[in-house]
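File shown here: data17.txt, holding compact mmCIF, C-alpha atoms.
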```
# COMPACT_ATOMS: atom_id res chain seq x y z
CA MET K 90 0.00 0.00 0.00
CA ASP K 91 1.25 3.48 -0.89
CA ILE K 92 2.39 5.36 2.22
CA ALA K 93 1.12 8.57 0.61
CA ALA K 94 -2.30 7.42 1.83
CA LEU K 95 -1.13 8.34 5.34
CA ASP K 96 -1.31 12.01 4.38
CA ALA K 97 -5.09 11.79 4.35
CA VAL K 98 -5.32 10.04 7.71
CA GLN K 99 -6.12 12.06 10.79
CA ILE K 100 -5.91 10.28 14.12
CA GLN K 101 -9.28 10.73 15.76
CA LEU K 102 -8.82 11.31 19.47
CA ALA K 103 -11.27 10.79 22.29
CA PRO K 104 -13.54 13.61 23.47
CA GLY K 105 -11.69 15.97 25.76
CA ALA K 106 -8.35 15.35 24.04
CA SER K 107 -7.86 19.08 23.61
CA LEU K 108 -7.51 19.30 27.38
CA ILE K 109 -5.80 15.96 27.99
CA LEU K 110 -2.95 16.43 25.49
CA PRO K 111 -1.67 19.73 26.95
CA ALA K 112 -1.78 18.08 30.37
CA ILE K 113 0.27 15.14 29.07
CA LEU K 114 2.79 17.52 27.50
CA ALA K 115 3.12 19.44 30.78
CA ILE K 116 3.48 16.21 32.79
CA LEU K 117 6.21 14.85 30.51
CA MET K 118 8.17 18.11 30.59
CA PHE K 119 7.76 18.33 34.37
CA ALA K 120 9.14 14.79 34.70
CA VAL K 121 12.14 15.73 32.57
CA ALA K 122 12.74 18.89 34.61
CA LEU K 123 12.73 16.98 37.89
CA ASP K 124 15.98 15.39 36.74
CA VAL K 125 17.67 18.66 35.69
CA HIS K 126 20.03 20.30 38.19
CA VAL K 127 22.23 23.37 38.07
CA GLU K 128 25.35 21.22 38.30
CA ASP K 129 24.30 19.45 35.10
CA PHE K 130 25.52 22.51 33.20
CA SER K 131 29.06 22.22 34.56
CA GLN K 132 30.35 21.04 31.19
CA LEU K 133 29.33 24.38 29.70
CA ARG K 134 31.66 26.19 32.09
CA ALA K 135 34.48 23.66 31.76
CA ARG K 136 34.76 23.64 27.96
CA PRO K 137 32.27 26.07 26.42
CA GLY K 138 33.49 25.91 22.82
CA ARG K 139 33.21 22.19 22.28
CA PHE K 140 30.08 21.95 24.42
CA LEU K 141 28.23 24.61 22.41
CA GLY K 142 29.40 22.94 19.22
CA ALA K 143 27.94 19.64 20.38
CA ALA K 144 24.67 21.36 21.32
CA ALA K 145 24.57 23.02 17.90
CA ALA K 146 25.01 19.62 16.24
CA GLN K 147 21.74 18.56 17.82
CA ILE K 148 19.77 21.80 17.60
CA ILE K 149 20.88 22.84 14.09
CA GLY K 150 22.90 20.00 12.55
CA LEU K 151 20.28 17.28 12.89
CA PRO K 152 17.35 19.29 11.43
CA LEU K 153 19.62 20.44 8.58
CA ALA K 154 20.69 16.86 7.82
CA THR K 155 17.04 15.79 8.10
CA LEU K 156 16.01 18.39 5.53
CA ALA K 157 18.72 17.14 3.16
CA LEU K 158 17.55 13.55 3.68
CA ILE K 159 13.96 14.53 2.98
CA TYR K 160 14.98 16.04 -0.36
CA VAL K 161 16.82 12.80 -1.20
CA LEU K 162 14.07 10.38 -0.13
CA ASN K 163 11.16 12.60 -1.19
CA PRO K 164 8.70 11.03 1.29
CA PRO K 165 5.01 11.99 1.51
CA PRO K 166 4.48 15.40 3.17
CA SER K 167 3.15 13.94 6.43
CA ILE K 168 6.20 11.66 6.78
CA ALA K 169 8.48 14.64 6.12
CA LEU K 170 6.65 16.63 8.79
CA GLY K 171 7.14 13.82 11.31
CA MET K 172 10.86 13.59 10.48
CA ILE K 173 11.27 17.32 11.06
CA VAL K 174 9.36 17.21 14.35
CA VAL K 175 11.57 14.36 15.61
CA ALA K 176 14.73 16.22 14.58
CA CYS K 177 13.60 19.37 16.39
CA CYS K 178 12.87 17.62 19.69
CA PRO K 179 15.43 17.69 22.52
CA GLY K 180 17.46 14.67 23.56
CA GLY K 181 16.04 12.19 26.02
CA ASN K 182 17.30 10.67 29.23
CA VAL K 183 17.67 7.36 27.42
CA SER K 184 20.81 8.83 25.84
CA ASN K 185 22.35 9.20 29.31
CA PHE K 186 21.74 5.53 30.07
CA LEU K 187 23.10 4.37 26.71
CA THR K 188 26.14 6.61 27.07
CA HIS K 189 26.86 5.07 30.47
CA LEU K 190 26.35 1.59 29.02
CA ALA K 191 28.76 2.38 26.17
CA ARG K 192 31.40 3.76 28.58
CA GLY K 193 30.98 7.28 27.21
CA ASP K 194 31.27 10.58 29.03
CA THR K 195 28.08 10.43 31.10
CA ALA K 196 28.60 13.90 32.63
CA LEU K 197 28.78 15.42 29.15
CA SER K 198 25.67 13.50 28.09
CA VAL K 199 23.70 14.73 31.10
CA SER K 200 24.81 18.32 30.44
CA LEU K 201 23.76 18.13 26.79
CA THR K 202 20.38 16.62 27.68
CA ALA K 203 19.77 19.34 30.27
CA THR K 204 20.73 22.06 27.80
CA SER K 205 18.57 20.77 24.95
CA SER K 206 15.63 20.26 27.32
CA LEU K 207 15.96 23.81 28.61
CA ALA K 208 16.29 25.24 25.11
CA ALA K 209 13.32 23.19 23.88
CA ALA K 210 10.83 25.52 25.55
CA LEU K 211 11.40 28.09 22.81
CA LEU K 212 13.49 26.42 20.12
CA THR K 213 11.37 23.33 19.48
CA PRO K 214 8.19 25.09 18.24
CA VAL K 215 10.19 27.74 16.36
CA SER K 216 12.45 25.13 14.78
CA ILE K 217 9.52 22.98 13.65
CA LEU K 218 7.94 25.88 11.79
CA PHE K 219 11.26 27.10 10.37
CA TRP K 220 12.51 23.78 8.98
CA THR K 221 9.06 22.79 7.73
CA SER K 222 8.86 26.03 5.76
CA LEU K 223 11.97 24.97 3.81
CA TYR K 224 10.25 21.91 2.32
CA GLY K 225 7.33 22.92 0.14
CA PRO K 226 5.08 19.83 0.45
CA ALA K 227 5.35 19.74 4.25
CA ASP K 228 4.82 23.50 4.45
CA ALA K 229 1.69 23.17 2.32
CA LEU K 230 0.44 20.42 4.62
CA VAL K 231 0.98 22.59 7.69
CA ASN K 232 -0.86 25.45 5.97
CA SER K 233 -3.75 23.15 5.11
CA ILE K 234 -4.05 22.24 8.78
CA GLU K 235 -4.20 25.98 9.45
CA VAL K 236 -1.56 26.02 12.15
CA SER K 237 -1.21 29.65 13.21
CA PRO K 238 2.51 30.31 13.83
CA ILE K 239 2.27 32.82 16.69
CA PRO K 240 -0.37 30.95 18.76
CA PHE K 241 1.46 27.67 18.12
CA VAL K 242 4.79 29.04 19.35
CA LEU K 243 3.26 30.84 22.33
CA GLN K 244 1.09 27.92 23.46
CA THR K 245 3.82 25.31 23.03
CA THR K 246 6.44 27.50 24.70
CA LEU K 247 4.12 28.11 27.65
CA LEU K 248 3.31 24.41 28.02
CA LEU K 249 7.03 23.56 27.95
CA ALA K 250 8.48 26.46 29.93
CA VAL K 251 6.18 26.50 32.97
CA PRO K 252 6.51 22.82 33.96
CA LEU K 253 10.22 23.01 33.13
CA ALA K 254 10.74 25.93 35.50
CA VAL K 255 8.63 24.39 38.26
CA GLY K 256 10.34 21.01 37.93
CA MET K 257 13.83 22.50 37.99
CA GLY K 258 12.88 24.56 41.04
CA ILE K 259 11.73 21.47 42.92
CA ALA K 260 14.84 19.55 41.83
CA HIS K 261 17.03 22.37 43.16
CA ARG K 262 15.25 22.96 46.47
CA PHE K 263 13.97 19.46 47.23
CA PRO K 264 16.17 16.94 45.36
CA LYS K 265 14.93 13.91 47.32
CA THR K 266 11.32 14.80 46.62
CA ALA K 267 12.12 15.33 42.95
CA HIS K 268 13.79 11.91 42.81
CA ARG K 269 10.65 10.26 44.18
CA LEU K 270 8.22 12.23 42.03
CA ARG K 271 9.98 11.82 38.69
CA PRO K 272 9.11 8.16 37.94
CA VAL K 273 5.50 8.75 38.99
CA PHE K 274 4.99 11.65 36.59
CA LEU K 275 7.05 10.04 33.83
CA ILE K 276 5.02 6.82 33.91
CA ALA K 277 1.75 8.75 34.11
CA GLY K 278 2.67 10.88 31.12
CA LEU K 279 3.85 7.94 29.00
CA LEU K 280 0.78 5.86 29.85
CA GLY K 281 -1.50 8.75 28.98
CA LEU K 282 0.31 9.28 25.69
CA ALA K 283 0.21 5.56 24.87
CA GLY K 284 -3.50 5.46 25.56
CA MET K 285 -4.17 8.40 23.26
CA VAL K 286 -2.04 6.96 20.44
CA ILE K 287 -3.46 3.43 20.67
CA GLY K 288 -6.99 4.72 20.80
CA GLY K 289 -6.43 7.00 17.83
CA VAL K 290 -4.54 4.52 15.65
CA SER K 291 -7.05 1.70 16.14
CA ALA K 292 -9.51 3.33 13.74
CA ASN K 293 -6.90 3.16 10.93
CA TRP K 294 -5.10 0.01 12.06
CA ALA K 295 -5.15 -1.74 8.66
CA LEU K 296 -3.55 1.24 6.92
CA PHE K 297 -0.86 1.69 9.56
CA THR K 298 0.11 -1.98 9.57
CA ALA K 299 0.15 -2.10 5.76
CA THR K 300 2.60 0.80 5.54
CA ALA K 301 4.65 0.06 8.68
CA GLY K 302 7.46 -1.67 6.78
CA THR K 303 8.13 1.29 4.51
CA VAL K 304 7.87 3.77 7.37
CA LEU K 305 10.26 1.65 9.44
CA VAL K 306 12.87 1.76 6.68
CA ILE K 307 12.63 5.57 6.56
CA ALA K 308 12.90 5.75 10.35
CA MET K 309 15.96 3.48 10.30
CA ILE K 310 17.71 5.61 7.68
CA HIS K 311 16.82 8.82 9.50
CA ASN K 312 18.05 7.46 12.83
CA ALA K 313 21.31 6.28 11.22
CA VAL K 314 21.81 9.78 9.82
CA ALA K 315 21.20 11.22 13.30
CA PHE K 316 23.87 8.98 14.82
CA GLY K 317 26.18 9.89 11.94
CA VAL K 318 25.70 13.62 12.52
CA GLY K 319 26.55 13.17 16.19
CA ALA K 320 29.63 11.04 15.53
CA ALA K 321 30.97 13.29 12.76
CA SER K 322 30.36 16.49 14.75
CA ALA K 323 32.10 15.09 17.82
CA ARG K 324 35.14 14.11 15.76
CA VAL K 325 35.32 17.53 14.09
CA LEU K 326 35.05 19.22 17.50
CA GLY K 327 38.01 17.17 18.77
CA PHE K 328 36.28 15.14 21.49
CA GLU K 329 38.10 12.15 22.92
CA THR K 330 36.61 8.66 22.52
CA ALA K 331 34.25 8.87 25.51
CA GLY K 332 33.07 12.33 24.46
CA ARG K 333 32.44 11.21 20.89
CA ARG K 334 30.21 8.42 22.15
CA SER K 335 28.25 10.86 24.30
CA VAL K 336 27.58 13.27 21.44
CA THR K 337 26.68 10.39 19.12
CA PHE K 338 23.98 9.16 21.48
CA GLU K 339 22.76 12.65 22.33
CA VAL K 340 22.06 13.47 18.68
CA GLY K 341 20.82 10.01 17.76
CA ILE K 342 18.34 9.59 20.64
CA GLN K 343 15.42 12.03 20.64
CA ASN K 344 12.50 12.75 22.97
CA THR K 345 9.95 11.34 20.54
CA GLY K 346 7.25 11.30 23.21
CA LEU K 347 7.33 15.09 23.18
CA GLY K 348 7.12 15.01 19.39
CA LEU K 349 4.04 12.79 19.45
CA VAL K 350 2.21 15.06 21.87
CA ILE K 351 2.97 18.10 19.71
CA LEU K 352 1.77 16.30 16.57
CA LEU K 353 -1.43 15.07 18.18
CA GLY K 354 -2.23 18.32 19.92
CA GLN K 355 -1.07 20.98 17.46
CA PHE K 356 -1.05 19.27 14.05
CA GLU K 357 -4.35 17.37 14.29
CA GLY K 358 -2.69 13.95 14.47
CA VAL K 359 -1.60 13.74 10.82
CA GLY K 360 -1.25 10.01 10.16
CA GLY K 361 2.15 9.83 8.46
CA ALA K 362 3.79 12.18 10.95
CA ALA K 363 2.44 10.24 13.92
CA ALA K 364 3.48 6.93 12.33
CA ILE K 365 7.11 7.89 11.67
CA THR K 366 7.44 9.44 15.14
CA ALA K 367 5.95 6.43 16.92
CA ILE K 368 8.14 3.98 14.99
CA TRP K 369 11.20 6.17 15.64
CA ALA K 370 10.38 6.00 19.35
CA VAL K 371 10.69 2.22 19.31
CA TRP K 372 13.45 1.82 16.75
CA HIS K 373 15.99 4.18 18.36
CA LEU K 374 15.92 2.02 21.49
CA PHE K 375 17.02 -1.01 19.46
CA SER K 376 19.59 0.89 17.41
CA GLY K 377 20.94 2.69 20.47
CA GLY K 378 21.26 -0.56 22.40
CA ALA K 379 23.02 -2.21 19.45
CA LEU K 380 25.43 0.72 19.13
CA ALA K 381 26.22 0.59 22.85
CA GLY K 382 26.90 -3.13 22.50
CA PHE K 383 29.18 -2.45 19.54
CA TYR K 384 31.17 0.09 21.56
CA ARG K 385 31.50 -2.36 24.45
CA GLY K 386 32.68 -5.05 22.04
CA LEU K 387 35.16 -2.65 20.48
CA ASP K 388 36.57 -1.88 23.94
CA TRP K 389 36.94 -5.60 24.63
CA VAL K 390 38.81 -6.20 21.36
CA ARG K 391 41.14 -3.31 22.10
CA SER K 392 41.79 -4.53 25.61
CA GLN K 393 42.69 -7.97 24.25
CA LYS K 394 45.09 -6.48 21.75
CA ASN K 395 46.69 -4.33 24.43
CA ALA K 396 47.08 -7.39 26.67
CA GLU K 397 48.74 -9.35 23.87
CA THR K 398 51.07 -6.43 23.10
CA ALA K 399 52.04 -6.09 26.76
CA SER K 400 52.74 -9.79 27.08
```
Show me the file's structure as structure tokens.
Amino acid sequence: MDIAALDAVQIQLAPGASLILPAILAILMFAVALDVHVEDFSQLRARPGRFLGAAAAQIIGLPLATLALIYVLNPPPSIALGMIVVACCPGGNVSNFLTHLARGDTALSVSLTATSSLAAALLTPVSILFWTSLYGPADALVNSIEVSPIPFVLQTTLLLAVPLAVGMGIAHRFPKTAHRLRPVFLIAGLLGLAGMVIGGVSANWALFTATAGTVLVIAMIHNAVAFGVGAASARVLGFETAGRRSVTFEVGIQNTGLGLVILLGQFEGVGGAAAITAIWAVWHLFSGGALAGFYRGLDWVRSQKNAETAS
């Protein structure tokens, strides 16, 4: 089945979704903020040049590479919109775990995640509109949905900034309380989002399953490009091995849950965009885990060679 059919699909949400989705977005951002502390930005003070370069690789480099990939693949407009939304989202805490697993620079990873999460309050909605405007079919799709730029930016920024500020305040003043609250709000937000997506997709289940293979291939290519942007940027910036791994994961792992909420709440649940974002959310866990395993294996091979050389 032609994936272009996804352009015409609109995920129908349950009554009251217009109130539930903003609440889910606020809950997810609050959960992220509960894990952000002032000391997480220490890397910015220690080595500002390379740190800002790594942040730019995620905030500017990934959307730019995504736009180039879209022109090469020429996907349906809704798929292109989803790819741009994913690229404009901040990194997720999963990147910190994978960095630790891969023996990367975990402190750098945490600092980059905190920075992108903080910047997301303003940059994510602005970036989505900016990069979408550079690809005609996706821009036409957004215009057909009648997304008003100023209200979209203001509403999204407000929904991101307020819970972010409150969560960071609690994390700073009451760290133990924040540590206990975070998993509760994170699970609540993810369950709420999953319920909305499952309920909405069920009405078009046959179409989504028929096109899942093609969408998965696009998500795999896009995710590989994201990892490539991170790895190449880290090498250009002169990071050591552990730092390169951190930047690679930070750019390659995105907060797709945030992207889904924005698509469902602000872009009327366009089918192709929701499909690519949802599949990305699952796929990058597999690819990230495989990459971490590869790094661990590479370390083992090197250690064996060093042992043989020493003996």
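When CA of Val174 in chain K is paired with CA of Arg271 in chain K, their separation reads 24.9 Å.
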K:Asp388, K:Asp96, K:Glu357, K:Glu339 ranked by distance to Ile148 in chain K, top pick (using all atoms listed in the file)
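Selected residue with least distance to Ile148 in chain K: K:Glu339.
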Selection: 6 Å around range 115-124 of chain K, only C-alpha atoms, excl. self and same-chain fewer than 3 positions, as a ChimeraX atom specification:
/K:112,248,252-253,256-257,260,267,271,274-275,278
Give me a file of those residues, with C-alpha atoms, as a compact mmCIF listing (two decimals), in the frame of the given file.
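Saved file part22.txt follows:
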```txt
# COMPACT_ATOMS: atom_id res chain seq x y z
CA ALA K 112 -1.78 18.08 30.37
CA LEU K 248 3.31 24.41 28.02
CA PRO K 252 6.51 22.82 33.96
CA LEU K 253 10.22 23.01 33.13
CA GLY K 256 10.34 21.01 37.93
CA MET K 257 13.83 22.50 37.99
CA ALA K 260 14.84 19.55 41.83
CA ALA K 267 12.12 15.33 42.95
CA ARG K 271 9.98 11.82 38.69
CA PHE K 274 4.99 11.65 36.59
CA LEU K 275 7.05 10.04 33.83
CA GLY K 278 2.67 10.88 31.12
```
Residue neighbourhood Ala250 in chain K, 8 Å, only C-alpha atoms, exclusion window fewer than 4 positions, as a PyMOL selection string:
chain K and resi 210-211+246+254
Could you give me, as JSON, numbers by chain, the residues that sit within 12 Å of (25.4, -2.2, 23.4) in the file's coordinates, counting only C-alpha atoms?
{"K": [186, 187, 188, 189, 190, 191, 192, 193, 334, 338, 374, 375, 376, 377, 378, 379, 380, 381, 382, 383, 384, 385, 386, 387, 388]}
Quick one: what's the axis-aligned box for range 377-381 of chain K, all listed atoms, 6 Å on every side, centre and edges in Å to one decimal, as lines of an AutoDock Vina configuration file?
```
center_x = 23.6
center_y = 0.2
center_z = 21.0
size_x = 17.3
size_y = 16.9
size_z = 15.7
```
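Take the candidates K:Pro179, K:Pro165, K:Gly354, K:Pro214 and check each one against Leu243 in chain K using only C-alpha atoms; the shortest distance goes to K:Pro214.
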Pick out the closest residue to Val314 in chain K from this set: K:Thr221, K:Thr202, K:Thr337, K:Thr245. Count only C-alpha atoms.
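Of K:Thr221, K:Thr202, K:Thr337, K:Thr245, the one nearest Val314 in chain K is K:Thr337, counting only C-alpha atoms.
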K:Thr366, K:Gln244, K:Ser167, K:Thr195: which is nearest Leu230 in chain K, counting all atoms listed in the file?
K:Ser167
Kindly indicate which residue among K:Ala176, K:Ala94, K:Val350, K:Ala144 lies nearest to Ser322 in chain K, using all atoms listed in the file for the distances.
K:Ala144
Taking (23.2, 17.7, 12.6) in the file's own coordinates, collect the residues within 9 Å, counting all atoms listed in the file, and hand them back as a list of chain:residue names.
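In the file's frame, the residues around the point are K:Ala145, K:Ala146, K:Gln147, K:Ile148, K:Ile149, K:Gly150, K:Leu151, K:Pro152, K:Leu153, K:Ala154, K:Thr155, K:Ala176, K:Val314, K:Ala315, K:Gly317, K:Val318, K:Gly319, K:Ala321, K:Ser322, K:Val340.
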Which distance in Å separates CA of Met172 in chain K and CA of Gly302 in chain K, to one decimal?
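So the answer is 16.1 Å.
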Taken to one decimal, the CA of Leu158 in chain K-CA of Ala227 in chain K distance is 13.7 Å
Set the distance at 8 Å and use only C-alpha atoms: which residues neighbour Ala364 in chain K once local chain neighbours fewer than 2 positions away are removed? I'd like the list as an NGL selection string.
:K and (168 or 171 or 297 or 301 or 304 or 360-362 or 366-368)
Nearest residue to Ala323 in chain K from the set K:Ile234, K:Val336, K:Leu279, K:Ile307 (distances using only C-alpha atoms)
K:Val336
For Ile351 in chain K, list every protein, DNA or RNA residue within 10 Å, evaluated using all atoms listed in the file, and leave out those in the same chain fewer than 2 positions away; present the list as an MDAnalysis selection string.
chainID K and resid 110:111 114 174 178 213:214 241 245 345:349 353:358 363
Output for the residues just chosen: C-alpha atoms as a tab-separated table (two decimals), keeping the file's coordinate frame:
```tsv
chain	number	residue	atom	x	y	z
K	110	LEU	CA	-2.95	16.43	25.49
K	111	PRO	CA	-1.67	19.73	26.95
K	114	LEU	CA	2.79	17.52	27.50
K	174	VAL	CA	9.36	17.21	14.35
K	178	CYS	CA	12.87	17.62	19.69
K	213	THR	CA	11.37	23.33	19.48
K	214	PRO	CA	8.19	25.09	18.24
K	241	PHE	CA	1.46	27.67	18.12
K	245	THR	CA	3.82	25.31	23.03
K	345	THR	CA	9.95	11.34	20.54
K	346	GLY	CA	7.25	11.30	23.21
K	347	LEU	CA	7.33	15.09	23.18
K	348	GLY	CA	7.12	15.01	19.39
K	349	LEU	CA	4.04	12.79	19.45
K	353	LEU	CA	-1.43	15.07	18.18
K	354	GLY	CA	-2.23	18.32	19.92
K	355	GLN	CA	-1.07	20.98	17.46
K	356	PHE	CA	-1.05	19.27	14.05
K	357	GLU	CA	-4.35	17.37	14.29
K	358	GLY	CA	-2.69	13.95	14.47
K	363	ALA	CA	2.44	10.24	13.92
```
